[in-house]
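Asker: Next up, input_25.csv (CSV, C-alpha atoms).
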chain,number,residue,atom,x,y,z
A,169,MET,CA,-45.0,74.7,261.2
A,170,THR,CA,-46.2,73.7,257.8
A,171,SER,CA,-46.8,76.0,254.8
A,172,SER,CA,-47.0,75.9,251.1
A,173,LEU,CA,-44.5,78.6,250.0
A,174,ALA,CA,-43.2,76.4,247.3
A,175,ALA,CA,-46.6,76.2,245.6
A,176,PRO,CA,-47.0,78.4,242.5
A,177,PRO,CA,-49.0,81.6,243.0
A,178,ARG,CA,-52.7,81.4,242.3
A,179,PRO,CA,-54.2,83.3,239.4
A,180,GLY,CA,-55.6,86.0,241.6
A,181,GLY,CA,-52.1,86.9,242.9
A,182,ALA,CA,-51.6,89.4,240.0
A,183,ARG,CA,-54.6,91.3,241.1
A,184,SER,CA,-53.2,91.6,244.7
A,185,ALA,CA,-50.0,93.0,243.4
A,186,ARG,CA,-51.8,95.9,241.8
A,187,ARG,CA,-53.7,96.7,245.0
A,188,LEU,CA,-50.7,97.0,247.3
A,189,PRO,CA,-47.4,98.8,246.6
A,190,TRP,CA,-44.1,96.9,246.0
A,191,GLY,CA,-45.9,93.7,245.2
A,192,LEU,CA,-46.9,93.0,248.8
A,193,LEU,CA,-49.1,90.0,249.3
A,194,ARG,CA,-49.1,89.3,245.5
A,195,GLU,CA,-49.5,85.6,246.0
A,196,LEU,CA,-52.9,86.0,247.7
A,197,ASP,CA,-56.2,86.6,246.0
A,198,ARG,CA,-57.0,89.4,248.4
A,199,PRO,CA,-54.9,91.1,251.1
A,200,ALA,CA,-57.5,90.1,253.7
A,201,ASP,CA,-56.7,86.4,253.0
A,202,LEU,CA,-53.6,86.7,255.2
A,203,PHE,CA,-55.9,86.0,258.2
A,204,ARG,CA,-57.8,83.1,256.6
A,205,HIS,CA,-55.3,80.2,257.3
A,206,LEU,CA,-53.4,81.7,260.2
A,207,GLY,CA,-52.6,78.6,262.3
A,208,PRO,CA,-50.9,78.1,265.7
A,209,ASN,CA,-47.7,77.1,263.9
A,210,TRP,CA,-46.9,80.7,263.4
A,211,TYR,CA,-46.1,81.1,267.1
A,212,ALA,CA,-43.0,79.0,266.3
A,213,SER,CA,-41.5,82.3,265.0
A,214,VAL,CA,-42.0,83.9,268.4
A,215,MET,CA,-40.4,80.8,270.1
A,216,GLY,CA,-37.4,80.9,267.8
A,217,THR,CA,-36.8,84.6,268.1
A,218,GLY,CA,-37.3,84.6,271.9
A,219,ILE,CA,-34.9,81.7,272.5
A,220,THR,CA,-32.2,83.4,270.4
A,221,ALA,CA,-32.4,86.3,272.9
A,222,ASN,CA,-32.7,84.2,276.0
A,223,ALA,CA,-29.9,81.8,275.1
A,224,ALA,CA,-27.5,84.8,274.8
A,225,ALA,CA,-28.3,85.8,278.4
A,226,THR,CA,-27.3,82.3,279.6
A,227,LEU,CA,-24.0,81.9,277.8
A,228,PRO,CA,-21.1,81.2,280.2
A,229,VAL,CA,-19.0,83.8,278.3
A,230,HIS,CA,-19.6,87.5,277.8
A,231,ALA,CA,-19.0,89.6,274.7
A,232,PRO,CA,-19.3,93.4,274.4
A,233,GLY,CA,-22.7,94.4,273.1
A,234,LEU,CA,-24.1,90.8,273.3
A,235,ARG,CA,-26.6,91.7,276.0
A,236,THR,CA,-27.8,94.8,274.2
A,237,ALA,CA,-28.3,92.8,271.0
A,238,ALA,CA,-30.1,90.1,272.9
A,239,THR,CA,-32.4,92.7,274.4
A,240,VAL,CA,-33.3,94.0,270.9
A,241,VAL,CA,-34.1,90.5,269.8
A,242,TRP,CA,-36.2,90.0,272.9
A,243,ALA,CA,-38.2,93.2,272.1
A,244,LEU,CA,-38.7,91.8,268.6
A,245,ALA,CA,-40.1,88.6,270.0
A,246,ALA,CA,-42.4,90.5,272.3
A,247,PHE,CA,-43.6,92.6,269.4
A,248,LEU,CA,-44.2,89.4,267.3
A,249,LEU,CA,-46.2,87.9,270.1
A,250,VAL,CA,-48.5,90.8,270.4
A,251,ALA,CA,-48.9,91.3,266.6
A,252,LEU,CA,-49.5,87.6,266.0
A,253,THR,CA,-52.0,87.3,268.8
A,254,ALA,CA,-53.9,90.2,267.4
A,255,ALA,CA,-53.8,88.7,263.9
A,256,TRP,CA,-55.0,85.3,265.3
A,257,ALA,CA,-57.9,87.1,267.1
A,258,VAL,CA,-59.0,88.4,263.7
A,259,HIS,CA,-58.6,84.9,262.2
A,260,ALA,CA,-60.7,83.3,265.0
A,261,THR,CA,-63.4,85.9,264.6
A,262,ARG,CA,-63.7,86.0,260.8
A,263,HIS,CA,-62.8,82.4,260.0
A,264,ARG,CA,-64.1,80.4,263.0
A,265,ASP,CA,-64.6,77.2,260.9
A,266,ARG,CA,-61.0,77.2,259.9
A,267,ALA,CA,-59.8,78.0,263.4
A,268,ARG,CA,-61.7,75.0,264.7
A,269,ALA,CA,-60.4,72.8,261.9
A,270,HIS,CA,-56.8,73.3,263.0
A,271,ALA,CA,-57.6,71.1,266.0
A,272,HIS,CA,-58.6,68.3,263.7
A,273,HIS,CA,-55.7,68.7,261.2
A,274,PRO,CA,-53.3,65.7,261.4
A,275,VAL,CA,-50.3,68.0,261.5
A,276,MET,CA,-51.5,71.5,262.5
A,277,ALA,CA,-53.3,70.2,265.7
A,278,HIS,CA,-50.0,69.4,267.4
A,279,PHE,CA,-48.7,73.0,267.0
A,280,TRP,CA,-51.3,74.2,269.5
A,281,GLY,CA,-48.4,73.8,271.9
A,282,ALA,CA,-46.6,76.6,270.2
A,283,PRO,CA,-48.6,79.5,271.6
A,284,ALA,CA,-48.0,78.3,275.2
A,285,MET,CA,-44.2,78.1,274.6
A,286,ALA,CA,-44.2,81.5,272.9
A,287,LEU,CA,-45.8,83.1,276.0
A,288,LEU,CA,-43.3,81.3,278.3
A,289,THR,CA,-40.3,82.3,276.2
A,290,VAL,CA,-41.1,85.9,276.0
A,291,GLY,CA,-41.9,86.0,279.7
A,292,ALA,CA,-38.5,84.5,280.6
A,293,GLY,CA,-36.8,87.0,278.3
A,294,THR,CA,-38.7,89.9,280.0
A,295,LEU,CA,-37.3,88.9,283.4
A,296,SER,CA,-33.7,88.2,282.2
A,297,LEU,CA,-33.3,90.9,279.6
A,298,GLY,CA,-36.4,93.2,279.6
A,299,GLN,CA,-35.8,94.4,283.2
A,300,ASP,CA,-32.9,96.5,281.8
A,301,ARG,CA,-35.4,98.6,280.0
A,302,ILE,CA,-38.7,98.5,281.9
A,303,GLY,CA,-37.4,97.9,285.4
A,304,ALA,CA,-37.1,94.9,287.7
A,305,HIS,CA,-40.6,94.9,289.2
A,306,PRO,CA,-42.6,95.5,286.0
A,307,ALA,CA,-40.5,92.7,284.3
A,308,LEU,CA,-41.3,90.3,287.2
A,309,VAL,CA,-45.0,91.1,286.9
A,310,VAL,CA,-45.0,90.6,283.1
A,311,ASP,CA,-43.1,87.3,283.5
A,312,ALA,CA,-45.4,86.0,286.2
A,313,VAL,CA,-48.5,86.8,284.0
A,314,LEU,CA,-47.0,85.2,280.9
A,315,TRP,CA,-45.7,82.2,282.8
A,316,THR,CA,-49.1,81.6,284.4
A,317,ALA,CA,-50.9,81.9,281.1
A,318,GLY,CA,-48.4,79.8,279.2
A,319,THR,CA,-48.3,77.1,281.9
A,320,ALA,CA,-52.1,76.9,282.0
A,321,LEU,CA,-52.4,76.6,278.2
A,322,GLY,CA,-49.5,74.2,278.1
A,323,LEU,CA,-51.1,71.8,280.6
A,324,VAL,CA,-54.3,71.9,278.5
A,325,THR,CA,-52.5,71.1,275.3
A,326,ALA,CA,-50.5,68.3,276.9
A,327,VAL,CA,-53.8,66.4,277.6
A,328,TRP,CA,-56.2,67.8,275.0
A,329,ILE,CA,-54.2,67.2,271.8
A,330,PRO,CA,-53.1,63.6,272.7
A,331,TYR,CA,-56.7,62.9,273.7
A,332,ARG,CA,-57.9,64.1,270.4
A,333,MET,CA,-55.4,61.9,268.6
A,334,MET,CA,-56.3,58.9,270.6
A,335,THR,CA,-60.0,59.3,270.0
A,336,GLY,CA,-60.1,60.9,266.6
A,337,GLY,CA,-59.6,57.8,264.5
A,338,GLU,CA,-56.9,55.5,263.3
A,339,VAL,CA,-53.4,56.9,262.9
A,340,ALA,CA,-51.2,55.6,260.1
A,341,ALA,CA,-48.3,53.3,261.1
A,342,ASP,CA,-45.9,55.9,259.7
A,343,GLY,CA,-47.8,58.9,261.2
A,344,ALA,CA,-45.4,59.7,264.1
A,345,PHE,CA,-43.3,62.8,263.4
A,346,GLY,CA,-41.4,65.4,265.5
A,347,GLY,CA,-44.4,67.6,265.7
A,348,TRP,CA,-46.1,65.2,268.1
A,349,LEU,CA,-43.8,66.6,270.8
A,350,MET,CA,-45.2,70.1,270.4
A,351,PRO,CA,-48.2,69.8,272.7
A,352,VAL,CA,-46.3,67.9,275.5
A,353,VAL,CA,-43.1,70.1,275.6
A,354,PRO,CA,-44.7,73.2,277.2
A,355,PRO,CA,-44.8,71.8,280.7
A,356,MET,CA,-41.0,71.3,280.4
A,357,VAL,CA,-40.6,74.9,279.3
A,358,SER,CA,-42.7,76.0,282.3
A,359,ALA,CA,-40.4,73.9,284.6
A,360,ALA,CA,-37.3,75.6,283.2
A,361,THR,CA,-38.6,79.1,283.2
A,362,GLY,CA,-40.4,78.7,286.5
A,363,ALA,CA,-37.1,78.2,288.3
A,364,ALA,CA,-36.3,81.9,287.9
A,365,LEU,CA,-39.6,82.8,289.7
A,366,VAL,CA,-38.9,80.7,292.8
A,367,PRO,CA,-36.6,83.3,294.5
A,368,HIS,CA,-39.3,85.9,294.1
A,369,LEU,CA,-41.9,84.0,296.0
A,370,ALA,CA,-42.4,84.2,299.8
A,371,PRO,CA,-40.3,81.6,301.7
A,372,GLY,CA,-42.1,78.6,302.9
A,373,GLN,CA,-45.1,77.0,301.2
A,374,GLY,CA,-45.1,79.4,298.3
A,375,ARG,CA,-41.6,78.5,297.2
A,376,LEU,CA,-42.0,74.8,298.0
A,377,THR,CA,-45.3,74.6,295.9
A,378,MET,CA,-43.7,76.4,293.0
A,379,LEU,CA,-40.6,74.1,293.0
A,380,LEU,CA,-42.6,70.9,293.4
A,381,GLY,CA,-45.0,72.0,290.7
A,382,CYS,CA,-42.1,72.6,288.3
A,383,TYR,CA,-40.6,69.2,289.0
A,384,ALA,CA,-44.0,67.6,288.4
A,385,MET,CA,-44.3,69.4,285.1
A,386,PHE,CA,-40.7,68.2,284.3
A,387,GLY,CA,-42.0,64.7,284.8
A,388,ILE,CA,-45.1,65.2,282.7
A,389,SER,CA,-43.1,66.4,279.7
A,390,LEU,CA,-40.2,64.0,280.1
A,391,PHE,CA,-42.1,60.8,280.2
A,392,ALA,CA,-44.5,61.9,277.4
A,393,SER,CA,-41.5,62.9,275.3
A,394,VAL,CA,-39.7,59.6,275.8
A,395,VAL,CA,-42.8,57.7,274.6
A,396,ILE,CA,-43.1,60.0,271.5
A,397,ILE,CA,-39.4,60.0,270.7
A,398,THR,CA,-39.4,56.2,270.7
A,399,GLN,CA,-42.3,56.2,268.2
A,400,VAL,CA,-40.4,58.7,266.0
A,401,TRP,CA,-37.3,56.6,266.1
A,402,ALA,CA,-39.4,53.5,265.2
A,403,ARG,CA,-40.9,55.3,262.2
A,404,LEU,CA,-37.5,56.3,260.9
A,405,MET,CA,-36.3,52.7,261.2
A,406,HIS,CA,-39.3,51.0,259.7
A,407,HIS,CA,-40.6,53.6,257.3
A,408,SER,CA,-39.2,56.5,255.1
A,409,VAL,CA,-38.0,59.8,256.5
A,410,GLY,CA,-41.2,61.3,255.0
A,411,PRO,CA,-41.9,64.3,252.8
A,412,ALA,CA,-39.1,66.8,252.5
A,413,VAL,CA,-41.1,69.6,254.0
A,414,MET,CA,-41.5,67.5,257.3
A,415,VAL,CA,-37.8,66.6,257.7
A,416,PRO,CA,-37.0,69.8,259.7
A,417,THR,CA,-39.5,68.6,262.4
A,418,LEU,CA,-37.0,66.0,263.3
A,419,TRP,CA,-35.1,68.8,265.1
A,420,ILE,CA,-38.0,69.2,267.5
A,421,VAL,CA,-36.8,66.2,269.3
A,422,LEU,CA,-34.0,68.4,270.6
A,423,GLY,CA,-36.5,70.6,272.3
A,424,PRO,CA,-37.5,68.4,275.2
A,425,LEU,CA,-34.0,67.0,275.5
A,426,GLY,CA,-32.3,70.4,275.8
A,427,GLN,CA,-35.0,72.0,277.8
A,428,SER,CA,-35.0,69.1,280.3
A,429,VAL,CA,-31.2,69.5,280.9
A,430,THR,CA,-31.9,73.2,281.4
A,431,ALA,CA,-34.8,72.6,283.8
A,432,ALA,CA,-32.9,70.0,285.8
A,433,ASN,CA,-30.0,72.3,286.4
A,434,LEU,CA,-31.9,75.5,287.0
A,435,LEU,CA,-34.4,73.8,289.4
A,436,GLY,CA,-31.4,72.1,291.2
A,437,GLY,CA,-29.8,75.5,291.6
A,438,ALA,CA,-33.0,76.9,293.2
A,439,ALA,CA,-33.8,73.9,295.3
A,440,HIS,CA,-31.9,75.1,298.4
A,441,LEU,CA,-34.4,78.0,298.6
A,442,ALA,CA,-37.3,75.6,299.3
A,443,LEU,CA,-36.1,72.1,300.1
A,444,PRO,CA,-34.3,71.0,303.3
A,445,ARG,CA,-31.3,68.8,303.4
A,446,PRO,CA,-30.6,66.3,302.0
A,447,TYR,CA,-33.1,66.9,299.3
A,448,ALA,CA,-31.7,70.2,298.1
A,449,GLY,CA,-28.3,68.6,297.6
A,450,ALA,CA,-29.9,65.7,295.8
A,451,ALA,CA,-31.8,68.0,293.5
A,452,GLU,CA,-28.6,69.9,292.6
A,453,ALA,CA,-26.8,66.6,292.0
A,454,PHE,CA,-29.7,65.4,289.8
A,455,GLY,CA,-28.9,68.3,287.4
A,456,PHE,CA,-25.5,66.7,286.7
A,457,LEU,CA,-26.6,63.0,286.9
A,458,TYR,CA,-29.5,63.5,284.5
A,459,GLY,CA,-28.2,66.4,282.5
A,460,VAL,CA,-24.9,64.9,281.2
A,461,PRO,CA,-26.5,61.6,279.8
A,462,ALA,CA,-29.5,63.5,278.4
A,463,TRP,CA,-27.1,66.1,276.8
A,464,GLY,CA,-25.1,63.3,275.2
A,465,PHE,CA,-28.2,61.8,273.6
A,466,ALA,CA,-29.2,65.3,272.4
A,467,MET,CA,-25.9,65.8,270.7
A,468,MET,CA,-26.3,62.4,269.0
A,469,TRP,CA,-29.7,63.3,267.8
A,470,LEU,CA,-28.5,66.7,266.6
A,471,ALA,CA,-25.9,64.9,264.4
A,472,LEU,CA,-28.6,62.4,263.2
A,473,ALA,CA,-31.1,65.2,262.4
A,474,ALA,CA,-28.4,67.3,260.7
A,475,SER,CA,-27.3,64.3,258.5
A,476,LEU,CA,-30.9,63.6,257.5
A,477,THR,CA,-31.5,67.2,256.7
A,478,LEU,CA,-28.4,67.5,254.6
A,479,ARG,CA,-29.4,64.3,252.7
A,480,THR,CA,-32.8,65.8,252.0
A,481,ALA,CA,-31.4,69.2,251.1
A,482,ARG,CA,-29.3,67.6,248.3
A,483,ARG,CA,-32.6,66.4,246.8
A,484,GLY,CA,-34.5,69.5,247.5
A,485,LEU,CA,-35.7,71.1,250.8
A,486,PRO,CA,-38.5,73.6,250.1
A,487,PHE,CA,-38.8,76.5,252.5
A,488,SER,CA,-41.8,76.4,254.9
A,489,LEU,CA,-42.6,77.4,258.5
A,490,THR,CA,-41.2,74.0,259.5
A,491,TRP,CA,-37.7,75.6,259.2
A,492,TRP,CA,-38.4,77.3,262.5
A,493,SER,CA,-37.6,73.8,264.0
A,494,PHE,CA,-34.0,74.7,263.4
A,495,THR,CA,-34.2,77.5,266.0
A,496,PHE,CA,-36.0,76.9,269.3
A,497,PRO,CA,-34.9,73.2,269.8
A,498,VAL,CA,-31.3,74.2,269.2
A,499,GLY,CA,-31.7,77.1,271.5
A,500,THR,CA,-32.7,74.7,274.3
A,501,CYS,CA,-29.5,72.9,273.7
A,502,VAL,CA,-27.6,76.1,274.1
A,503,THR,CA,-29.3,76.9,277.5
A,504,GLY,CA,-28.9,73.3,278.6
A,505,THR,CA,-25.2,73.2,277.7
A,506,SER,CA,-24.6,76.6,279.3
A,507,ALA,CA,-26.3,75.5,282.5
A,508,LEU,CA,-24.1,72.4,282.7
A,509,ALA,CA,-21.0,74.4,281.9
A,510,VAL,CA,-21.7,76.9,284.7
A,511,HIS,CA,-22.5,74.3,287.3
A,512,LEU,CA,-19.6,72.0,286.5
A,513,GLY,CA,-17.0,74.6,285.5
A,514,SER,CA,-16.4,72.7,282.3
A,515,THR,CA,-14.3,74.6,279.7
A,516,PRO,CA,-15.2,72.2,276.8
A,517,LEU,CA,-18.9,72.6,277.6
A,518,LYS,CA,-18.5,76.4,277.5
A,519,ALA,CA,-16.9,76.1,274.0
A,520,VAL,CA,-19.8,73.8,272.8
A,521,ALA,CA,-22.4,76.3,274.2
A,522,VAL,CA,-20.8,79.1,272.2
A,523,ALA,CA,-20.6,77.0,269.0
A,524,LEU,CA,-24.2,76.0,269.3
A,525,TYR,CA,-25.2,79.6,269.8
A,526,GLY,CA,-23.4,80.6,266.7
A,527,PHE,CA,-25.4,77.9,264.8
A,528,LEU,CA,-28.6,79.2,266.4
A,529,VAL,CA,-28.0,82.8,265.3
A,530,ALA,CA,-27.2,81.7,261.8
A,531,ALA,CA,-30.3,79.6,261.6
A,532,TRP,CA,-32.5,82.4,263.1
A,533,LEU,CA,-31.2,84.9,260.6
A,534,THR,CA,-31.7,82.6,257.7
A,535,VAL,CA,-35.2,81.4,258.7
A,536,GLY,CA,-36.2,84.9,259.8
A,537,ALA,CA,-35.2,86.4,256.5
A,538,ARG,CA,-37.0,83.7,254.5
A,539,THR,CA,-40.1,84.1,256.6
A,540,ALA,CA,-40.2,87.9,256.2
A,541,ALA,CA,-39.8,87.5,252.4
A,542,GLY,CA,-42.4,84.8,252.2
A,543,SER,CA,-44.8,86.8,254.4
A,544,ALA,CA,-44.3,90.0,252.2
A,545,ARG,CA,-45.2,88.0,249.1
A,546,GLY,CA,-48.2,86.4,250.9
A,547,GLY,CA,-47.3,82.8,250.1
A,548,LEU,CA,-46.8,81.8,253.7
A,549,PHE,CA,-50.4,82.8,254.5
A,550,ARG,CA,-51.9,80.3,252.1
A,551,ALA,CA,-53.4,77.0,253.2
A,552,ALA,CA,-51.0,74.4,254.5
A,553,PRO,CA,-51.0,71.2,252.5
A,554,THR,CA,-52.8,68.2,254.1
A,555,ARG,CA,-50.3,65.5,254.8
Just give me the structure of the file as structure tokens.

Answerer:
Amino acid sequence: MTSSLAAPPRPGGARSARRLPWGLLRELDRPADLFRHLGPNWYASVMGTGITANAAATLPVHAPGLRTAATVVWALAAFLLVALTAAWAVHATRHRDRARAHAHHPVMAHFWGAPAMALLTVGAGTLSLGQDRIGAHPALVVDAVLWTAGTALGLVTAVWIPYRMMTGGEVAADGAFGGWLMPVVPPMVSAATGAALVPHLAPGQGRLTMLLGCYAMFGISLFASVVIITQVWARLMHHSVGPAVMVPTLWIVLGPLGQSVTAANLLGGAAHLALPRPYAGAAEAFGFLYGVPAWGFAMMWLALAASLTLRTARRGLPFSLTWWSFTFPVGTCVTGTSALAVHLGSTPLKAVAVALYGFLVAAWLTVGARTAAGSARGGLFRAAPTR
């Protein structure tokens, strides 16, 4: 989610301003250049928008008009997914060398996990919110297709990107950053969103296979995330926080934490549909026994990430696409907190879920507005700086 919005406009920008009305894309040499550097990090905007809608549907409290507003946001996420995929297809066709280079970039390569999570997030929103507009069966079909595509892509990135890093040359001692989690988190998102599909499968082996597959993906992402979070912690302790533009990526750590709490509870709630006793009860209990400790660590990390971000902001925190790290990871904390609150009947957890959602909405509105403005000027479509 890197970009160079803070960089001064190139000389050709003035010529662009004359070609398009209202100064659109004035920071690009040519309007067509908006496709040249389009990386997978852009899908973080779909993730952040989608989770803002989906988290509203999971809140343990209900407010008038909330579901309608959430449905509008889901529709926006779906539109962004389609538009961005079409734009990326143009990028891959016209600028194949740059598209391939993203897989070798020390920062950008990790964000290949974003397209998978964007598919999964929009798919989940289609089933939970979109069915109000398009019908239950079409929504189920769309979710099944997007879940399958997102899961397949996520399993590929979970192996492909770490493999490339392991075989692509030496990594600096201070190279670990929150973005390393991006390619390994998609299986956890698949596990969390797959729970909603379990009831729609035929009883027997179909449901059992789906449930076991989701738990397996839970493990894939959980253990890989623990390894990476440990390395990020070590870097913070032994090296500097890093460039200001990369500080927001510390919030990505909340992604696997919050999503794992969500997955553990949602899968536990669906376990009785596929597992016999005593395993169904054990799966439901695991949601609490794992969820509360993991939630506690997530809240600790949220406080740590917020403190480091505020410290950096006082010195200057330039806007870039990394700011989308303030949305999706926080959204997973909302869904995780809501799942715990519902299953345990905890009033304090309900209050925390609402407070976190308020922060999520504020972050999404802020980042979304800044992204729209930067996109209109064209600065966000320029080449991301090499770390």

Asker: Excluding Gly293 of chain A and residues on its chain fewer than 6 positions from it, collect all residues at most 9 Å away from it, counting only C-alpha atoms, and give them as an NGL selection string.

Answerer: :A and (218-219 or 221-222 or 225 or 239 or 242-243 or 246 or 299 or 311)

Asker: Between atom CA of Leu528 of chain A and atom CA of Leu193 of chain A, what is the distance, to one decimal in Å?

Answerer: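 If I compute the distance from atom CA of Leu528 of chain A to atom CA of Leu193 of chain A, I get 28.8 Å.
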
Asker: Could you work out how far atom CA of Leu524 of chain A lies from atom CA of Leu252 of chain A, giving the answer in Å with one decimal?

Answerer: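 Atom CA of Leu252 of chain A sits 28.0 Å away from atom CA of Leu524 of chain A.
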
Asker: So that I can check the surroundings of Ala237 of chain A, please list as a ChimeraX atom specification every protein, DNA and RNA residue that reaches within 12 Å of it, counting all atoms listed in the file and ignoring chain neighbours fewer than 3 positions away.

Answerer: /A:220-225,231-234,240-244,297-298,529

Asker: Would you output that residue set with C-alpha atoms, as a compact mmCIF listing (two decimals), keeping the file's coordinate frame?

Answerer:
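Full text of again-v6.txt as output:
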# COMPACT_ATOMS: atom_id res chain seq x y z
CA THR A 220 -32.20 83.40 270.40
CA ALA A 221 -32.40 86.30 272.90
CA ASN A 222 -32.70 84.20 276.00
CA ALA A 223 -29.90 81.80 275.10
CA ALA A 224 -27.50 84.80 274.80
CA ALA A 225 -28.30 85.80 278.40
CA ALA A 231 -19.00 89.60 274.70
CA PRO A 232 -19.30 93.40 274.40
CA GLY A 233 -22.70 94.40 273.10
CA LEU A 234 -24.10 90.80 273.30
CA VAL A 240 -33.30 94.00 270.90
CA VAL A 241 -34.10 90.50 269.80
CA TRP A 242 -36.20 90.00 272.90
CA ALA A 243 -38.20 93.20 272.10
CA LEU A 244 -38.70 91.80 268.60
CA LEU A 297 -33.30 90.90 279.60
CA GLY A 298 -36.40 93.20 279.60
CA VAL A 529 -28.00 82.80 265.30

Asker: Compare A:Ala370, A:Val324, A:Leu249, A:Val415 by their minimum atom-to-atom distance to Leu478 of chain A, counting all atoms listed in the file, and give me the closest one.

Answerer: A:Val415

Asker: I'd like the interatomic distance between atom CA of Phe494 of chain A and atom CA of Arg266 of chain A, to a tenth of an Å.

Answerer: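 Rounded to one decimal, the two atoms are 27.3 Å apart.
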